[in-house]
file entry17.pdb (PDB, C-alpha atoms and all ligand atoms)
ATOM      1  CA  MET X   7      38.966  11.905-118.257  1.00  0.00           C
ATOM      2  CA  GLY X   8      36.165   9.970-119.949  1.00  0.00           C
ATOM      3  CA  ASP X   9      33.370  12.228-121.139  1.00  0.00           C
ATOM      4  CA  ALA X  10      34.312  14.967-118.732  1.00  0.00           C
ATOM      5  CA  MET X  11      35.148  18.196-120.494  1.00  0.00           C
ATOM      6  CA  CYS X  12      35.875  21.693-119.391  1.00  0.00           C
ATOM      7  CA  GLY X  13      36.523  22.406-115.783  1.00  0.00           C
ATOM      8  CA  ILE X  14      35.627  22.473-112.134  1.00  0.00           C
ATOM      9  CA  VAL X  15      37.309  24.473-109.403  1.00  0.00           C
ATOM     10  CA  GLY X  16      36.658  24.805-105.691  1.00  0.00           C
ATOM     11  CA  TYR X  17      38.088  26.925-102.882  1.00  0.00           C
ATOM     12  CA  VAL X  18      37.838  26.911 -99.097  1.00  0.00           C
ATOM     13  CA  GLY X  19      40.116  29.359 -97.290  1.00  0.00           C
ATOM     14  CA  SER X  20      40.442  32.810 -95.815  1.00  0.00           C
ATOM     15  CA  LEU X  21      40.446  34.932 -98.985  1.00  0.00           C
ATOM     16  CA  ASP X  22      37.559  36.114-101.140  1.00  0.00           C
ATOM     17  CA  ALA X  23      36.666  33.029-103.167  1.00  0.00           C
ATOM     18  CA  ALA X  24      35.218  34.559-106.353  1.00  0.00           C
ATOM     19  CA  PRO X  25      38.453  35.982-107.856  1.00  0.00           C
ATOM     20  CA  ILE X  26      40.298  32.779-106.994  1.00  0.00           C
ATOM     21  CA  LEU X  27      37.624  30.677-108.666  1.00  0.00           C
ATOM     22  CA  VAL X  28      37.614  32.860-111.790  1.00  0.00           C
ATOM     23  CA  ASP X  29      41.401  32.672-111.915  1.00  0.00           C
ATOM     24  CA  GLY X  30      41.148  28.892-111.750  1.00  0.00           C
ATOM     25  CA  LEU X  31      38.588  28.874-114.543  1.00  0.00           C
ATOM     26  CA  HIS X  32      40.907  30.986-116.713  1.00  0.00           C
ATOM     27  CA  LYS X  33      43.581  28.327-116.222  1.00  0.00           C
ATOM     28  CA  LEU X  34      41.127  25.746-117.572  1.00  0.00           C
ATOM     29  CA  GLU X  35      40.056  27.881-120.551  1.00  0.00           C
ATOM     30  CA  TYR X  36      42.170  25.915-123.003  1.00  0.00           C
ATOM     31  CA  ARG X  37      39.785  22.978-122.603  1.00  0.00           C
ATOM     32  CA  GLY X  38      37.004  24.865-124.357  1.00  0.00           C
ATOM     33  CA  TYR X  39      33.627  25.876-122.928  1.00  0.00           C
ATOM     34  CA  ASP X  40      30.415  27.661-123.811  1.00  0.00           C
ATOM     35  CA  SER X  41      29.444  29.214-120.476  1.00  0.00           C
ATOM     36  CA  ALA X  42      30.710  29.580-116.926  1.00  0.00           C
ATOM     37  CA  GLY X  43      29.606  30.291-113.394  1.00  0.00           C
ATOM     38  CA  VAL X  44      30.507  30.403-109.729  1.00  0.00           C
ATOM     39  CA  ALA X  45      28.727  29.858-106.415  1.00  0.00           C
ATOM     40  CA  VAL X  46      30.014  31.464-103.223  1.00  0.00           C
ATOM     41  CA  HIS X  47      28.839  31.004 -99.639  1.00  0.00           C
ATOM     42  CA  ASP X  48      28.461  34.475 -98.126  1.00  0.00           C
ATOM     43  CA  GLY X  49      28.025  33.189 -94.584  1.00  0.00           C
ATOM     44  CA  ARG X  50      24.227  33.060 -94.853  1.00  0.00           C
ATOM     45  CA  ASN X  51      23.381  31.904 -98.338  1.00  0.00           C
ATOM     46  CA  VAL X  52      24.952  30.411-101.409  1.00  0.00           C
ATOM     47  CA  GLU X  53      24.937  33.057-104.155  1.00  0.00           C
ATOM     48  CA  ILE X  54      25.284  32.086-107.800  1.00  0.00           C
ATOM     49  CA  VAL X  55      26.459  34.119-110.799  1.00  0.00           C
ATOM     50  CA  ARG X  56      26.520  32.584-114.294  1.00  0.00           C
ATOM     51  CA  ALA X  57      27.044  33.780-117.829  1.00  0.00           C
ATOM     52  CA  ALA X  58      26.808  32.336-121.324  1.00  0.00           C
ATOM     53  CA  GLY X  59      29.854  32.815-123.496  1.00  0.00           C
ATOM     54  CA  LYS X  60      33.405  33.659-122.581  1.00  0.00           C
ATOM     55  CA  LEU X  61      34.797  34.176-119.093  1.00  0.00           C
ATOM     56  CA  ARG X  62      34.844  37.879-119.918  1.00  0.00           C
ATOM     57  CA  ALA X  63      31.045  37.721-119.667  1.00  0.00           C
ATOM     58  CA  LEU X  64      31.315  36.125-116.217  1.00  0.00           C
ATOM     59  CA  ASP X  65      33.840  38.800-115.192  1.00  0.00           C
ATOM     60  CA  LEU X  66      31.340  41.490-116.229  1.00  0.00           C
ATOM     61  CA  ALA X  67      28.487  39.763-114.401  1.00  0.00           C
ATOM     62  CA  LEU X  68      30.657  39.591-111.267  1.00  0.00           C
ATOM     63  CA  ALA X  69      31.527  43.274-111.619  1.00  0.00           C
ATOM     64  CA  ARG X  70      27.797  44.033-111.523  1.00  0.00           C
ATOM     65  CA  ARG X  71      27.137  41.668-108.634  1.00  0.00           C
ATOM     66  CA  THR X  72      30.090  41.154-106.315  1.00  0.00           C
ATOM     67  CA  LEU X  73      30.103  37.900-104.368  1.00  0.00           C
ATOM     68  CA  HIS X  74      31.669  37.932-100.907  1.00  0.00           C
ATOM     69  CA  GLY X  75      32.640  34.765 -99.126  1.00  0.00           C
ATOM     70  CA  THR X  76      35.566  32.457 -98.668  1.00  0.00           C
ATOM     71  CA  THR X  77      34.077  29.159 -99.876  1.00  0.00           C
ATOM     72  CA  GLY X  78      33.041  28.557-103.457  1.00  0.00           C
ATOM     73  CA  ILE X  79      32.855  26.397-106.536  1.00  0.00           C
ATOM     74  CA  GLY X  80      33.223  27.302-110.204  1.00  0.00           C
ATOM     75  CA  HIS X  81      32.583  25.725-113.576  1.00  0.00           C
ATOM     76  CA  THR X  82      33.176  25.985-117.283  1.00  0.00           C
ATOM     77  CA  ARG X  83      30.559  24.098-119.287  1.00  0.00           C
ATOM     78  CA  TRP X  84      30.626  22.196-122.520  1.00  0.00           C
ATOM     79  CA  ALA X  85      26.937  21.513-123.108  1.00  0.00           C
ATOM     80  CA  THR X  86      25.797  17.938-123.539  1.00  0.00           C
ATOM     81  CA  HIS X  87      22.165  18.290-122.346  1.00  0.00           C
ATOM     82  CA  GLY X  88      20.497  21.609-123.068  1.00  0.00           C
ATOM     83  CA  ARG X  89      21.780  24.387-125.273  1.00  0.00           C
ATOM     84  CA  PRO X  90      24.493  26.800-124.159  1.00  0.00           C
ATOM     85  CA  SER X  91      22.693  29.543-122.196  1.00  0.00           C
ATOM     86  CA  GLU X  92      22.757  31.262-118.833  1.00  0.00           C
ATOM     87  CA  ILE X  93      19.843  29.121-117.600  1.00  0.00           C
ATOM     88  CA  ASN X  94      21.700  25.920-118.447  1.00  0.00           C
ATOM     89  CA  ALA X  95      25.049  27.209-117.137  1.00  0.00           C
ATOM     90  CA  HIS X  96      26.301  25.786-113.863  1.00  0.00           C
ATOM     91  CA  PRO X  97      26.142  26.003-110.855  1.00  0.00           C
ATOM     92  CA  HIS X  98      22.646  24.546-110.635  1.00  0.00           C
ATOM     93  CA  ALA X  99      20.676  24.940-107.434  1.00  0.00           C
ATOM     94  CA  SER X 100      18.010  23.081-105.525  1.00  0.00           C
ATOM     95  CA  GLY X 101      17.026  24.466-102.131  1.00  0.00           C
ATOM     96  CA  PRO X 102      20.256  24.915-100.146  1.00  0.00           C
ATOM     97  CA  VAL X 103      22.384  23.007-102.687  1.00  0.00           C
ATOM     98  CA  ALA X 104      24.562  24.366-105.502  1.00  0.00           C
ATOM     99  CA  LEU X 105      26.256  21.962-107.878  1.00  0.00           C
ATOM    100  CA  VAL X 106      28.765  21.971-110.729  1.00  0.00           C
ATOM    101  CA  HIS X 107      29.284  18.936-112.912  1.00  0.00           C
ATOM    102  CA  ASN X 108      31.384  17.826-115.834  1.00  0.00           C
ATOM    103  CA  GLY X 109      30.330  14.735-117.720  1.00  0.00           C
ATOM    104  CA  ILE X 110      27.032  13.003-118.382  1.00  0.00           C
ATOM    105  CA  ILE X 111      24.311  11.517-116.182  1.00  0.00           C
ATOM    106  CA  GLU X 112      23.185   8.486-118.193  1.00  0.00           C
ATOM    107  CA  ASN X 113      20.007   7.588-116.317  1.00  0.00           C
ATOM    108  CA  LEU X 114      18.573  11.091-116.437  1.00  0.00           C
ATOM    109  CA  VAL X 115      15.307  10.039-118.106  1.00  0.00           C
ATOM    110  CA  PRO X 116      13.951   7.903-115.244  1.00  0.00           C
ATOM    111  CA  LEU X 117      15.399  10.260-112.622  1.00  0.00           C
ATOM    112  CA  ARG X 118      13.755  13.265-114.274  1.00  0.00           C
ATOM    113  CA  ALA X 119      10.423  11.415-114.474  1.00  0.00           C
ATOM    114  CA  GLU X 120      10.666  10.528-110.797  1.00  0.00           C
ATOM    115  CA  LEU X 121      11.427  14.112-109.763  1.00  0.00           C
ATOM    116  CA  GLU X 122       8.608  15.500-111.888  1.00  0.00           C
ATOM    117  CA  ALA X 123       6.209  12.936-110.404  1.00  0.00           C
ATOM    118  CA  ARG X 124       7.180  14.305-106.984  1.00  0.00           C
ATOM    119  CA  GLY X 125       6.283  17.800-108.123  1.00  0.00           C
ATOM    120  CA  VAL X 126       9.801  19.143-108.661  1.00  0.00           C
ATOM    121  CA  THR X 127       9.953  21.917-111.277  1.00  0.00           C
ATOM    122  CA  LEU X 128      13.136  21.742-113.307  1.00  0.00           C
ATOM    123  CA  LEU X 129      14.423  25.128-114.416  1.00  0.00           C
ATOM    124  CA  SER X 130      17.060  23.971-116.904  1.00  0.00           C
ATOM    125  CA  ASP X 131      17.396  21.303-119.582  1.00  0.00           C
ATOM    126  CA  THR X 132      20.541  19.859-118.021  1.00  0.00           C
ATOM    127  CA  ASP X 133      21.226  16.428-116.601  1.00  0.00           C
ATOM    128  CA  THR X 134      23.132  18.247-113.853  1.00  0.00           C
ATOM    129  CA  GLU X 135      20.138  19.943-112.264  1.00  0.00           C
ATOM    130  CA  ILE X 136      18.668  16.520-111.550  1.00  0.00           C
ATOM    131  CA  VAL X 137      21.623  15.679-109.307  1.00  0.00           C
ATOM    132  CA  ALA X 138      21.215  18.965-107.425  1.00  0.00           C
ATOM    133  CA  HIS X 139      17.642  17.931-106.616  1.00  0.00           C
ATOM    134  CA  LEU X 140      18.732  14.437-105.562  1.00  0.00           C
ATOM    135  CA  ILE X 141      21.299  15.887-103.134  1.00  0.00           C
ATOM    136  CA  HIS X 142      18.678  18.300-101.792  1.00  0.00           C
ATOM    137  CA  GLN X 143      16.258  15.401-101.249  1.00  0.00           C
ATOM    138  CA  GLU X 144      18.907  13.423 -99.372  1.00  0.00           C
ATOM    139  CA  LEU X 145      19.559  16.408 -97.083  1.00  0.00           C
ATOM    140  CA  ASP X 146      15.810  16.713 -96.460  1.00  0.00           C
ATOM    141  CA  ALA X 147      15.629  12.956 -95.827  1.00  0.00           C
ATOM    142  CA  GLY X 148      18.142  13.338 -93.000  1.00  0.00           C
ATOM    143  CA  ALA X 149      21.600  12.836 -94.471  1.00  0.00           C
ATOM    144  CA  PRO X 150      23.913  13.915 -91.629  1.00  0.00           C
ATOM    145  CA  SER X 151      26.273  15.925 -93.835  1.00  0.00           C
ATOM    146  CA  LEU X 152      26.626  17.361 -97.310  1.00  0.00           C
ATOM    147  CA  PHE X 153      29.233  14.711 -98.042  1.00  0.00           C
ATOM    148  CA  GLU X 154      26.824  11.942 -97.067  1.00  0.00           C
ATOM    149  CA  ALA X 155      23.976  13.521 -99.067  1.00  0.00           C
ATOM    150  CA  VAL X 156      26.243  13.624-102.130  1.00  0.00           C
ATOM    151  CA  ARG X 157      27.285  10.020-101.560  1.00  0.00           C
ATOM    152  CA  ARG X 158      23.672   8.845-101.285  1.00  0.00           C
ATOM    153  CA  ALA X 159      22.552  10.865-104.312  1.00  0.00           C
ATOM    154  CA  LEU X 160      25.379   9.538-106.463  1.00  0.00           C
ATOM    155  CA  ALA X 161      24.462   5.971-105.532  1.00  0.00           C
ATOM    156  CA  ARG X 162      21.356   6.592-107.673  1.00  0.00           C
ATOM    157  CA  VAL X 163      23.241   8.015-110.649  1.00  0.00           C
ATOM    158  CA  THR X 164      24.985   6.219-113.489  1.00  0.00           C
ATOM    159  CA  GLY X 165      27.374   7.985-115.829  1.00  0.00           C
ATOM    160  CA  THR X 166      30.787   9.528-116.070  1.00  0.00           C
ATOM    161  CA  TYR X 167      31.230  12.647-114.034  1.00  0.00           C
ATOM    162  CA  ALA X 168      33.153  14.941-111.790  1.00  0.00           C
ATOM    163  CA  ILE X 169      31.085  17.103-109.464  1.00  0.00           C
ATOM    164  CA  ALA X 170      31.541  19.646-106.717  1.00  0.00           C
ATOM    165  CA  ALA X 171      28.615  20.536-104.467  1.00  0.00           C
ATOM    166  CA  MET X 172      28.099  23.060-101.722  1.00  0.00           C
ATOM    167  CA  SER X 173      25.227  23.734 -99.368  1.00  0.00           C
ATOM    168  CA  ARG X 174      23.884  26.589 -97.268  1.00  0.00           C
ATOM    169  CA  GLY X 175      24.332  24.443 -94.157  1.00  0.00           C
ATOM    170  CA  ALA X 176      28.048  23.871 -94.756  1.00  0.00           C
ATOM    171  CA  ILE X 177      29.708  27.288 -94.721  1.00  0.00           C
ATOM    172  CA  ARG X 178      33.300  26.162 -95.036  1.00  0.00           C
ATOM    173  CA  ALA X 179      33.005  22.990 -97.062  1.00  0.00           C
ATOM    174  CA  PHE X 180      32.208  21.613-100.444  1.00  0.00           C
ATOM    175  CA  SER X 181      32.041  17.992-101.475  1.00  0.00           C
ATOM    176  CA  ILE X 182      33.724  16.580-104.555  1.00  0.00           C
ATOM    177  CA  ALA X 183      33.308  13.269-106.296  1.00  0.00           C
ATOM    178  CA  ALA X 184      34.226  11.660-109.579  1.00  0.00           C
ATOM    179  CA  ARG X 185      33.463   8.521-111.493  1.00  0.00           C
TER     180      ARG X 185
HETATM  181  N1  LIG T 201      26.166  17.362-118.932  1.00  0.00           N
HETATM  182  C1  LIG T 201      26.313  18.629-118.285  1.00  0.00           C
HETATM  183  C2  LIG T 201      25.609  19.716-119.047  1.00  0.00           C
HETATM  184  O1  LIG T 201      25.268  19.554-120.172  1.00  0.00           O
HETATM  185  C3  LIG T 201      27.795  18.984-118.042  1.00  0.00           C
HETATM  186  C4  LIG T 201      28.560  19.263-119.309  1.00  0.00           C
HETATM  187  C5  LIG T 201      30.053  19.504-119.004  1.00  0.00           C
HETATM  188  O2  LIG T 201      30.808  18.534-118.851  1.00  0.00           O
HETATM  189  O3  LIG T 201      30.447  20.688-118.927  1.00  0.00           O
HETATM  190  O4  LIG T 201      25.360  20.753-118.507  1.00  0.00           O
END

call {"tool": "encode", "arguments": {"input": "entry17.pdb", "output": "C-alpha cells"}}
result
Amino acid sequence: MGDAMCGIVGYVGSLDAAPILVDGLHKLEYRGYDSAGVAVHDGRNVEIVRAAGKLRALDLALARRTLHGTTGIGHTRWATHGRPSEINAHPHASGPVALVHNGIIENLVPLRAELEARGVTLLSDTDTEIVAHLIHQELDAGAPSLFEAVRRALARVTGTYAIAAMSRGAIRAFSIAAR
C-alpha cells in the first residue's frame, strides 16, 4: 500500500491485549522491520513498551514489564525518518495520546517548526511523533472524541500513511485511518 511498510495491529476486547498484539505483529514479520512496540490501556493510563531489533526483543521487554489491559495498538517499524532505535520505535506519545504509523508524513518540516515554536519538545527524530502532538493539541482544543481529534489532526497532514491512535480518555477504543 503506497509507502506503507511493516505493520499495524489493534485490539479492543475482553482478553489481555498485549499477547494478542504481539501475535499479530509476528504474523506481519514477513514484511520486514527494524523495531517494534505496543501500547496498552490499563484502565488508568496508556502504557508503552518498545524495543529495537527483532520481536524477540519486544517479547523480552514485555516479560520484564507486563502490560495489563484489554485495549491496545502495536507496530513494526521500517524507519524512514530517524534511525532504528528504541527512542524512534513506535508507539509515540504526546500527553494522553499514543500513536503508531506506517508511511511518511510529507509536510513534517513546517509542522515540526510550528510545534517547536509552540514550545513542544520532540523526543524522537520521527515524522510520526509530530502527528501524536497534533492529535494531543486537537484534544486540548476541545475535540469531542479521539476519532474527531484524529480527523482534525490528519486534515493538517499530507503524505501516505496508515495510523492507529489511542488515548487515556478512551479506555475501550482506538482510532484508525489511512490515506
Ligand atoms: N515514517 C515513520 C518512521 O520513520 C514510519 C515508518 C514505517 O512505515 O514503519 O518512524

call {"tool": "closest_atom_pairs", "arguments": {"input": "entry17.pdb", "of": "chain X", "to": "ligand LIG 201 (chain T)", "cutoff": "10 Å", "atoms": "all atoms listed in the file", "output": "JSON lines"}}
result
{"residue": "X:Asp9", "atom": "CA", "partner": "T:LIG201", "partner_atom": "O2", "distance": 7.2}
{"residue": "X:Ala10", "atom": "CA", "partner": "T:LIG201", "partner_atom": "O2", "distance": 5.0}
{"residue": "X:Met11", "atom": "CA", "partner": "T:LIG201", "partner_atom": "O2", "distance": 4.7}
{"residue": "X:Cys12", "atom": "CA", "partner": "T:LIG201", "partner_atom": "O3", "distance": 5.5}
{"residue": "X:Gly13", "atom": "CA", "partner": "T:LIG201", "partner_atom": "O3", "distance": 7.1}
{"residue": "X:Ile14", "atom": "CA", "partner": "T:LIG201", "partner_atom": "O3", "distance": 8.7}
{"residue": "X:Gly38", "atom": "CA", "partner": "T:LIG201", "partner_atom": "O3", "distance": 9.5}
{"residue": "X:Tyr39", "atom": "CA", "partner": "T:LIG201", "partner_atom": "O3", "distance": 7.3}
{"residue": "X:Asp40", "atom": "CA", "partner": "T:LIG201", "partner_atom": "O3", "distance": 8.5}
{"residue": "X:Ser41", "atom": "CA", "partner": "T:LIG201", "partner_atom": "O3", "distance": 8.7}
{"residue": "X:Ala42", "atom": "CA", "partner": "T:LIG201", "partner_atom": "O3", "distance": 9.1}
{"residue": "X:His81", "atom": "CA", "partner": "T:LIG201", "partner_atom": "O3", "distance": 7.7}
{"residue": "X:Thr82", "atom": "CA", "partner": "T:LIG201", "partner_atom": "O3", "distance": 6.2}
{"residue": "X:Arg83", "atom": "CA", "partner": "T:LIG201", "partner_atom": "O3", "distance": 3.4}
{"residue": "X:Trp84", "atom": "CA", "partner": "T:LIG201", "partner_atom": "O3", "distance": 3.9}
{"residue": "X:Ala85", "atom": "CA", "partner": "T:LIG201", "partner_atom": "O1", "distance": 3.9}
{"residue": "X:Thr86", "atom": "CA", "partner": "T:LIG201", "partner_atom": "O1", "distance": 3.8}
{"residue": "X:His87", "atom": "CA", "partner": "T:LIG201", "partner_atom": "O1", "distance": 4.0}
{"residue": "X:Gly88", "atom": "CA", "partner": "T:LIG201", "partner_atom": "O1", "distance": 5.9}
{"residue": "X:Arg89", "atom": "CA", "partner": "T:LIG201", "partner_atom": "O1", "distance": 7.8}
{"residue": "X:Pro90", "atom": "CA", "partner": "T:LIG201", "partner_atom": "O1", "distance": 8.3}
{"residue": "X:Ser91", "atom": "CA", "partner": "T:LIG201", "partner_atom": "O4", "distance": 9.9}
{"residue": "X:Asn94", "atom": "CA", "partner": "T:LIG201", "partner_atom": "O4", "distance": 6.3}
{"residue": "X:Ala95", "atom": "CA", "partner": "T:LIG201", "partner_atom": "O4", "distance": 6.6}
{"residue": "X:His96", "atom": "CA", "partner": "T:LIG201", "partner_atom": "O4", "distance": 6.9}
{"residue": "X:Pro97", "atom": "CA", "partner": "T:LIG201", "partner_atom": "O4", "distance": 9.3}
{"residue": "X:His98", "atom": "CA", "partner": "T:LIG201", "partner_atom": "O4", "distance": 9.1}
{"residue": "X:Val106", "atom": "CA", "partner": "T:LIG201", "partner_atom": "C3", "distance": 8.0}
{"residue": "X:His107", "atom": "CA", "partner": "T:LIG201", "partner_atom": "C3", "distance": 5.3}
{"residue": "X:Asn108", "atom": "CA", "partner": "T:LIG201", "partner_atom": "O2", "distance": 3.2}
{"residue": "X:Gly109", "atom": "CA", "partner": "T:LIG201", "partner_atom": "O2", "distance": 4.0}
{"residue": "X:Ile110", "atom": "CA", "partner": "T:LIG201", "partner_atom": "N1", "distance": 4.5}
{"residue": "X:Ile111", "atom": "CA", "partner": "T:LIG201", "partner_atom": "N1", "distance": 6.7}
{"residue": "X:Glu112", "atom": "CA", "partner": "T:LIG201", "partner_atom": "N1", "distance": 9.4}
{"residue": "X:Ser130", "atom": "CA", "partner": "T:LIG201", "partner_atom": "O4", "distance": 9.0}
{"residue": "X:Asp131", "atom": "CA", "partner": "T:LIG201", "partner_atom": "O4", "distance": 8.1}
{"residue": "X:Thr132", "atom": "CA", "partner": "T:LIG201", "partner_atom": "O4", "distance": 4.9}
{"residue": "X:Asp133", "atom": "CA", "partner": "T:LIG201", "partner_atom": "N1", "distance": 5.5}
{"residue": "X:Thr134", "atom": "CA", "partner": "T:LIG201", "partner_atom": "C1", "distance": 5.5}
{"residue": "X:Glu135", "atom": "CA", "partner": "T:LIG201", "partner_atom": "O4", "distance": 8.2}
{"residue": "X:Gly165", "atom": "CA", "partner": "T:LIG201", "partner_atom": "N1", "distance": 10.0}
{"residue": "X:Thr166", "atom": "CA", "partner": "T:LIG201", "partner_atom": "O2", "distance": 9.4}
{"residue": "X:Tyr167", "atom": "CA", "partner": "T:LIG201", "partner_atom": "O2", "distance": 7.6}
{"residue": "X:Ala168", "atom": "CA", "partner": "T:LIG201", "partner_atom": "O2", "distance": 8.3}
{"residue": "X:Ile169", "atom": "CA", "partner": "T:LIG201", "partner_atom": "C3", "distance": 9.4}

call {"tool": "resolve_selection", "arguments": {"input": "entry17.pdb", "expression": "the PyMOL selection byres (((chain X and resi 75) around 7) and not hetatm)", "output": "list in words"}}
result
Asp22, Ala23, Val46, His47, Asp48, Gly49, Leu73, His74, Thr76 and Thr77 of chain X

call {"tool": "axis_aligned_box", "arguments": {"input": "entry17.pdb", "around": "region 113-132 of chain X", "padding_each_side": "6 Å", "output": "AutoDock Vina command-line options"}}
result
--center_x 13.4 --center_y 16.4 --center_z -113.3 --size_x 26.3 --size_y 29.5 --size_z 24.6

call {"tool": "residues_around", "arguments": {"input": "entry17.pdb", "residues": "Arg158 (chain X)", "least_positions_apart": "6", "cutoff": "12 Å", "atoms": "all atoms listed in the file", "output": "list in words"}}
result
Val137, Leu140, Ile141, His142, Gln143, Glu144, Leu145, Ala147, Gly148, Ala149, Pro150, Ser151, Leu152 and Ala183 of chain X

call {"tool": "atom_distance", "arguments": {"input": "entry17.pdb", "atom1": "CA of Val55 (chain X)", "atom2": "CA of Arg71 (chain X)"}}
result
7.9 Å

call {"tool": "residues_around", "arguments": {"input": "entry17.pdb", "residues": "Met172 (chain X)", "least_positions_apart": "3", "cutoff": "6 Å", "atoms": "all atoms listed in the file", "output": "PyMOL selection string"}}
result
chain X and resi 103-104+180

call {"tool": "write_last_selection", "arguments": {"input": "entry17.pdb", "atoms": "C-alpha atoms", "output": "PDB file, keeping the file's coordinate frame"}}
result
ATOM      1  CA  VAL X 103      22.384  23.007-102.687  1.00  0.00           C
ATOM      2  CA  ALA X 104      24.562  24.366-105.502  1.00  0.00           C
ATOM      3  CA  PHE X 180      32.208  21.613-100.444  1.00  0.00           C
TER       4      PHE X 180
END

call {"tool": "closest_residue", "arguments": {"input": "entry17.pdb", "among": "X:Ile177, X:Val126, X:Ala99, X:Ile182", "to": "Arg50 (chain X)", "atoms": "all atoms listed in the file"}}
result
X:Ile177

call {"tool": "closest_residue", "arguments": {"input": "entry17.pdb", "among": "X:Gly125, X:Gly80, X:Gly59, X:Glu53", "to": "Gly30 (chain X)", "atoms": "only C-alpha atoms"}}
result
X:Gly80

call {"tool": "atom_distance", "arguments": {"input": "entry17.pdb", "atom1": "CA of Leu61 (chain X)", "atom2": "CA of Leu27 (chain X)"}}
result
11.4 Å

call {"tool": "decode", "arguments": {"input": "entry17.pdb", "residues": "region 116-130 of chain X", "atoms": "N, CA, C and O atoms", "output": "mmCIF file, in the first residue's frame"}}
result
data_model
loop_
_atom_site.group_PDB
_atom_site.id
_atom_site.type_symbol
_atom_site.label_atom_id
_atom_site.label_comp_id
_atom_site.auth_asym_id
_atom_site.auth_seq_id
_atom_site.Cartn_x
_atom_site.Cartn_y
_atom_site.Cartn_z
ATOM 1 N N PRO X 116 7.442 21.942 8.032
ATOM 2 C CA PRO X 116 6.690 23.063 8.611
ATOM 3 C C PRO X 116 5.935 22.678 9.882
ATOM 4 O O PRO X 116 5.823 23.494 10.805
ATOM 5 N N LEU X 117 5.431 21.447 9.951
ATOM 6 C CA LEU X 117 4.701 21.050 11.164
ATOM 7 C C LEU X 117 5.644 21.003 12.363
ATOM 8 O O LEU X 117 5.309 21.444 13.464
ATOM 9 N N ARG X 118 6.850 20.480 12.144
ATOM 10 C CA ARG X 118 7.822 20.415 13.241
ATOM 11 C C ARG X 118 8.194 21.829 13.704
ATOM 12 O O ARG X 118 8.247 22.109 14.903
ATOM 13 N N ALA X 119 8.400 22.731 12.730
ATOM 14 C CA ALA X 119 8.760 24.111 13.083
ATOM 15 C C ALA X 119 7.641 24.750 13.902
ATOM 16 O O ALA X 119 7.887 25.455 14.890
ATOM 17 N N GLU X 120 6.408 24.498 13.503
ATOM 18 C CA GLU X 120 5.273 25.070 14.216
ATOM 19 C C GLU X 120 5.199 24.544 15.652
ATOM 20 O O GLU X 120 4.984 25.297 16.607
ATOM 21 N N LEU X 121 5.381 23.229 15.806
ATOM 22 C CA LEU X 121 5.329 22.646 17.151
ATOM 23 C C LEU X 121 6.452 23.187 18.020
ATOM 24 O O LEU X 121 6.244 23.534 19.189
ATOM 25 N N GLU X 122 7.650 23.288 17.443
ATOM 26 C CA GLU X 122 8.784 23.778 18.236
ATOM 27 C C GLU X 122 8.572 25.234 18.625
ATOM 28 O O GLU X 122 8.920 25.645 19.737
ATOM 29 N N ALA X 123 7.963 26.016 17.711
ATOM 30 C CA ALA X 123 7.668 27.418 18.033
ATOM 31 C C ALA X 123 6.674 27.515 19.188
ATOM 32 O O ALA X 123 6.675 28.486 19.946
ATOM 33 N N ARG X 124 5.826 26.502 19.327
ATOM 34 C CA ARG X 124 4.871 26.485 20.446
ATOM 35 C C ARG X 124 5.477 25.927 21.724
ATOM 36 O O ARG X 124 4.781 25.756 22.729
ATOM 37 N N GLY X 125 6.744 25.547 21.652
ATOM 38 C CA GLY X 125 7.417 25.063 22.856
ATOM 39 C C GLY X 125 7.357 23.568 23.064
ATOM 40 O O GLY X 125 7.718 23.072 24.135
ATOM 41 N N VAL X 126 6.894 22.827 22.059
ATOM 42 C CA VAL X 126 6.842 21.366 22.176
ATOM 43 C C VAL X 126 8.256 20.803 22.042
ATOM 44 O O VAL X 126 9.003 21.188 21.143
ATOM 45 N N THR X 127 8.637 19.914 22.951
ATOM 46 C CA THR X 127 9.929 19.228 22.856
ATOM 47 C C THR X 127 9.705 17.869 22.209
ATOM 48 O O THR X 127 8.951 17.049 22.727
ATOM 49 N N LEU X 128 10.348 17.662 21.090
ATOM 50 C CA LEU X 128 10.218 16.377 20.392
ATOM 51 C C LEU X 128 11.279 15.423 20.923
ATOM 52 O O LEU X 128 12.449 15.781 21.049
ATOM 53 N N LEU X 129 10.860 14.219 21.246
ATOM 54 C CA LEU X 129 11.776 13.250 21.857
ATOM 55 C C LEU X 129 12.430 12.342 20.830
ATOM 56 O O LEU X 129 13.462 11.747 21.101
ATOM 57 N N SER X 130 11.816 12.210 19.661
ATOM 58 C CA SER X 130 12.338 11.306 18.634
ATOM 59 C C SER X 130 12.650 12.101 17.369
ATOM 60 O O SER X 130 12.368 13.299 17.278
#
